[in-house]
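K.L.:
Structure file input_28.txt, compact mmCIF, C-alpha atoms, is pasted below:
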# COMPACT_ATOMS: atom_id res chain seq x y z
CA MET A 1 1.38 9.89 -16.30
CA GLU A 2 0.07 12.56 -13.99
CA HIS A 3 1.47 12.55 -10.46
CA THR A 4 -1.12 11.58 -7.87
CA ASP A 5 0.16 11.49 -4.31
CA VAL A 6 -0.15 8.37 -2.17
CA ASP A 7 -2.52 10.10 0.23
CA ARG A 8 -5.10 10.72 -2.50
CA ILE A 9 -4.58 7.24 -3.91
CA LEU A 10 -5.14 5.50 -0.57
CA THR A 11 -8.11 7.70 0.32
CA GLY A 12 -9.79 6.88 -3.00
CA PHE A 13 -8.94 3.19 -2.98
CA PHE A 14 -10.11 2.52 0.56
CA ALA A 15 -13.29 4.55 0.07
CA ALA A 16 -14.11 2.59 -3.07
CA SER A 17 -13.25 -0.71 -1.39
CA ALA A 18 -15.47 0.04 1.62
CA ARG A 19 -18.48 1.22 -0.38
CA GLY A 20 -21.48 -1.00 0.32
CA ARG A 21 -19.60 -3.21 2.79
CA HIS A 22 -20.76 -4.32 6.21
CA PRO A 23 -19.81 -1.78 8.93
CA GLU A 24 -17.42 -4.26 10.58
CA THR A 25 -15.64 -4.73 7.24
CA VAL A 26 -15.35 -0.95 6.85
CA ILE A 27 -13.74 -0.75 10.29
CA ARG A 28 -11.36 -3.59 9.39
CA TYR A 29 -10.41 -1.85 6.14
CA GLY A 30 -9.70 1.29 8.16
CA ARG A 31 -7.27 -0.65 10.34
CA VAL A 32 -5.53 -1.98 7.23
CA GLU A 33 -5.27 1.54 5.78
CA THR A 34 -3.82 2.82 9.06
CA GLY A 35 -1.31 -0.03 9.05
CA LEU A 36 -0.31 0.65 5.44
CA ARG A 37 0.18 4.35 6.09
CA SER A 38 2.28 3.55 9.15
CA TYR A 39 4.35 1.07 7.13
CA LEU A 40 4.94 3.61 4.35
CA GLU A 41 6.02 6.35 6.76
CA GLY A 42 8.29 4.00 8.72
CA GLU A 43 9.65 1.66 6.08
CA GLY A 44 8.69 3.11 2.70
CA ALA A 45 11.88 5.10 2.29
CA ARG A 46 13.90 1.87 2.23
CA SER A 47 12.40 0.92 -1.11
CA LEU A 48 13.03 4.32 -2.71
CA PRO A 49 15.85 5.17 -5.10
CA PRO A 50 18.50 7.41 -3.48
CA GLU A 51 17.23 10.65 -5.04
CA ALA A 52 13.65 10.11 -3.87
CA ALA A 53 14.83 9.00 -0.41
CA SER A 54 16.88 12.21 -0.12
CA LEU A 55 13.89 14.30 -1.18
CA LEU A 56 11.73 12.53 1.42
CA GLU A 57 14.29 13.17 4.16
CA LEU A 58 14.41 16.84 3.19
CA GLU A 59 10.61 17.06 3.31
CA ARG A 60 10.59 15.41 6.75
CA GLN A 61 12.91 18.13 8.07
CA PHE A 62 10.26 20.74 7.29
CA SER A 63 7.06 18.76 7.83
CA PRO A 64 7.58 15.25 9.20
CA ASP A 65 3.95 14.14 9.57
CA ALA A 66 2.76 12.00 6.65
CA ALA A 67 5.64 13.11 4.43
CA TYR A 68 5.74 9.88 2.43
CA VAL A 69 2.06 9.90 1.50
CA ARG A 70 2.19 13.61 0.60
CA LEU A 71 5.29 13.42 -1.56
CA MET A 72 5.43 9.98 -3.18
CA GLY A 73 3.24 8.71 -5.98
CA ALA A 74 1.70 5.54 -7.36
CA ALA A 75 4.95 4.00 -8.63
CA GLU A 76 6.62 4.29 -5.23
CA LEU A 77 3.50 2.91 -3.53
CA LEU A 78 3.39 -0.12 -5.80
CA HIS A 79 7.10 -0.74 -5.32
CA ALA A 80 6.65 -0.66 -1.52
CA LEU A 81 3.59 -2.95 -1.35
CA PRO A 82 5.38 -6.32 -1.14
CA GLY A 83 7.12 -5.24 2.06
CA PHE A 84 3.75 -4.47 3.66
CA LEU A 85 2.96 -8.16 3.30
CA GLY A 86 6.13 -9.25 5.08
CA VAL A 87 5.84 -11.14 8.37
CA ARG A 88 6.86 -8.10 10.40
CA TRP A 89 3.96 -6.02 9.06
CA LEU A 90 1.16 -8.56 8.89
CA ALA A 91 -1.74 -7.77 11.22
CA ALA A 92 -1.94 -9.87 14.38
CA ASP A 93 -5.68 -10.45 14.05
CA PHE A 94 -6.42 -13.28 11.61
CA HIS A 95 -9.30 -11.51 9.83
CA ASP A 96 -7.42 -8.21 9.64
CA ARG A 97 -4.46 -10.11 8.19
CA LEU A 98 -6.64 -11.71 5.49
CA ALA A 99 -8.11 -8.29 4.66
CA GLN A 100 -4.60 -6.81 4.52
CA ILE A 101 -3.44 -9.48 2.09
CA SER A 102 -6.49 -9.13 -0.10
CA LEU A 103 -6.47 -5.33 -0.12
CA ALA A 104 -2.76 -5.06 -0.91
CA SER A 105 -3.18 -7.38 -3.87
CA ARG A 106 -6.27 -5.49 -5.04
CA LEU A 107 -4.48 -2.16 -4.60
CA ALA A 108 -1.69 -3.28 -6.94
CA GLN A 109 -4.28 -4.21 -9.57
CA TRP A 110 -6.22 -0.98 -8.95
CA LEU A 111 -3.11 1.12 -9.59
CA CYS A 112 -2.78 -0.56 -12.98
CA THR A 113 -6.44 -0.46 -14.01
CA ARG A 114 -6.71 3.23 -13.05
CA GLN A 115 -3.56 3.82 -15.12
CA LEU A 116 -1.79 5.40 -12.18
CA VAL A 117 1.30 3.36 -13.03
CA ASP A 118 2.73 2.11 -16.29
CA ARG A 119 1.73 -1.55 -16.19
CA LYS A 120 4.56 -2.67 -18.48
CA ALA A 121 7.25 -0.71 -16.68
CA GLN A 122 6.13 -1.87 -13.24
CA TRP A 123 4.93 -5.37 -14.00
CA GLY A 124 7.74 -6.73 -11.82
CA ASP A 125 6.33 -4.86 -8.81
CA VAL A 126 2.87 -6.25 -9.53
CA LEU A 127 4.29 -9.78 -9.66
CA LEU A 128 6.27 -9.25 -6.45
CA THR A 129 3.12 -8.03 -4.71
CA ARG A 130 1.15 -11.04 -5.92
CA ALA A 131 3.90 -13.39 -4.79
CA ALA A 132 4.11 -11.69 -1.39
CA ALA A 133 0.31 -11.93 -1.05
CA GLU A 134 0.33 -15.62 -1.93
CA HIS A 135 3.14 -16.31 0.53
CA ALA A 136 1.37 -14.35 3.28
CA ARG A 137 -1.88 -16.19 2.52
CA ARG A 138 -0.19 -19.60 2.74
CA THR A 139 1.60 -18.82 5.99
CA SER A 140 -1.52 -17.24 7.53
CA VAL A 141 -3.72 -20.30 7.21
CA THR A 142 -1.26 -22.89 8.49
Let's see the structure in the file written out as structure tokens.
P.N.:
Amino acid sequence: MEHTDVDRILTGFFAASARGRHPETVIRYGRVETGLRSYLEGEGARSLPPEAASLLELERQFSPDAAYVRLMGAAELLHALPGFLGVRWLAADFHDRLAQISLASRLAQWLCTRQLVDRKAQWGDVLLTRAAAEHARRTSVT
């Protein structure tokens, strides 16, 4: 599979998701994208294998801004998605939180349908993302 960096993936996904939506929804999706990028830069390294984490730290020494989204690819993004749905990272606003849950789940599926990840090899990450989304959904409405 060809390496596509997380920045390009997120830009394409959020643009496609926002196409034809109400302006308020587009703004909400933008807040979710900003939150996801912040999560990846702050917490994404924790889900990386040691070699990739070391490479990311080296990159941050030279150019710290947006290092994760420049360097990492679809597999690392998918692996990190369940953490973005953890209580600590869920949006405070109810409607933003529902959008976050929905978009994270759709992003996992999008990575597979666009063949940016090997569905068989990363099926566990897809299932973990779905489970995290379902848990976040249940706890958000109670």
K.L.:
What lies within 10 Å of Ala80 in chain A using only C-alpha atoms, ignoring chain neighbours under 3 positions off, as a count of residues only?
P.N.:
19
K.L.:
Just to confirm, what's the straight-line distance from CA of Thr139 in chain A to CA of Ala15 in chain A in Å (one decimal)?
P.N.:
28.3 Å
K.L.:
Within 10 Å of Leu55 in chain A, counting all atoms listed in the file, which residues qualify if same-chain residues fewer than 3 places away don't, as a count of residues only?
P.N.:
9
K.L.:
At what distance in Å, to one decimal, does CA of Val32 in chain A lie from CA of Ser63 in chain A?
P.N.:
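Answer for the CA of Ser63 in chain A to CA of Val32 in chain A separation: 24.3 Å.
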K.L.:
Skip Trp123 in chain A itself and residues of its chain fewer than 2 positions away, then list as a list in words all residues within 12 Å of it, counting all atoms listed in the file.
P.N.:
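Here the answer would be Ala75, Leu78, His79, Ala108, Gln109, Leu111, Cys112, Val117, Asp118, Arg119, Lys120, Ala121, Asp125, Val126, Leu127, Leu128, Thr129 and Arg130 of chain A.
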K.L.:
Padding 4 Å on each side, edges along x, y and z: where is the centre of the box around the listed atoms of range 74-87 of chain A, and how long are its edges in Å to one decimal? Output it as lines of an AutoDock Vina configuration file.
P.N.:
center_x = 4.4
center_y = -2.8
center_z = -0.1
size_x = 13.4
size_y = 24.7
size_z = 25.0
K.L.:
Separation of CA of His135 in chain A and CA of Glu41 in chain A, in Å?
P.N.:
23.7 Å
K.L.:
Have a look at A:Ser38, A:Ser17, A:Thr4, A:Ser105 and name the one nearest to Trp89 in chain A; count all atoms listed in the file.
P.N.:
A:Ser38
K.L.:
Determine the nearest neighbour of Pro64 in chain A from the options A:Ser140, A:Pro82, A:Pro23, A:Gly42, counting all atoms listed in the file.
P.N.:
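So, comparing all the options, the nearest one is A:Gly42.
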K.L.:
Using only C-alpha atoms, which of A:Ala104, A:Leu116, A:Ala92, A:Leu98 sits nearest Val141 in chain A?
P.N.:
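Nearest candidate to Val141 in chain A out of A:Ala104, A:Leu116, A:Ala92, A:Leu98: A:Leu98.
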K.L.:
Check the smallest atom-to-atom distance from each of A:Thr11, A:Gly124, A:Arg138, A:Ala18 to Arg70 in chain A using all atoms listed in the file, then report the winner.
P.N.:
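Smallest separation from Arg70 in chain A among the options: A:Thr11.
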K.L.:
Quick one: of A:Glu33, A:Ala136, A:His95, A:Gln115, who's nearest to Phe13 in chain A, counting only C-alpha atoms?
P.N.:
A:Glu33
